[in-house]
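**Q** Would you mind keeping the following structure in view while I ask a few things?
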Amino acid sequence: MPTSNPLEIQLEHDRWATRQILLACEKLTTDQFARKFEIGSGSLQTTITHVLAAMNTWTDTLAERPPRPRIDQGGVGRSPAQLLQMLDESTAEFIAIAKSRPLDQIVKRTRAGKEYCFTRGSVITHVTTHGMHHRAQCLNMLRHLGVSPLPPSSVTEWARMVDFPQ
């Protein structure tokens with residue numbers, strides 16, 4: 001049965017699309033993966049790490065617990081395989097917590113000493129659109145590295161593969 005729940009579509013597409021980018025990155029050299037561009041967080045490696053770090057921070061917000069140390073601070077360069085493993089762990093936790101409580105519940109996040117309130121629904125939407133924003137940057141970086149064809153990443157590509165596999 002084709003998926004029609006917008007929340008499930010957002011969550012599953014986000015995981016799948018980031019995975020597609022990382023699978024394409026596995027074919028790159030270490031230097032290509034770390035190559036600096038004037039876009040995003042600077043490289044495929046740092047941009048994808050940033051996406052996962054943000055997801056972890058917002059997962060902690062949804063879970064109403066103190067934030068973990070961010071994985072995008074400290075200068076650790078991870079391989080695509082390591083980031084794929086982190087993606088699996090981070091998205092599984094994010095999806096479980098995202099679905100665990102009502103979307104209209106209010107959560108609080110403190111940043112730079114100031115407290116902000118959000119609905120759980122707005123946090124989930126932010127995480128998935130934030131990932132899409134940075135995946136677009138990654139696609140541009142991959143294009144500049146000569147990767148062709150570019151990995152699939154749109155919601156319609158995901159839906160065709162998941163809902164109507166050929």
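Chain labels run A, B, ... following the order of the structure tokens; each chain numbers its residues from 1, and ligands are numbered from 1 in the order shown.
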Name all residues at most 12 Å from His133 (chain A) (count only C-alpha atoms; drop same-chain ones fewer than 5 positions away) and give them as an MDAnalysis selection string.

**A** chainID A and resid 14 17:18 39:41 47:48 50:51 126:128 138:140 153:154

**Q** Run DSSP on the backbone of this structure and report the residues of chain A it assigns to alpha helix (DSSP H), as a count of residues only.

**A** 97

**Q** Residues of region 12-137 of chain A classed as strand (DSSP E or B) by DSSP on the backbone are to be reported as a ChimeraX atom specification.

**A** /A:106-111,114-119

**Q** Please report the interatomic distance between CA of Gln32 (chain A) and CA of His144 (chain A) in Å with one decimal.

**A**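 One can read the CA of Gln32 (chain A) to CA of His144 (chain A) distance as 10.2 Å.
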
**Q** Which residues are close to region 157-161 of chain A, i.e. within 9 Å by only C-alpha atoms, leaving aside same-chain residues fewer than 2 positions away? Reply as a VMD selection string.

**A** chain A and resid 2 to 3 9 12 to 13 16 to 17 152 to 155 163 to 166
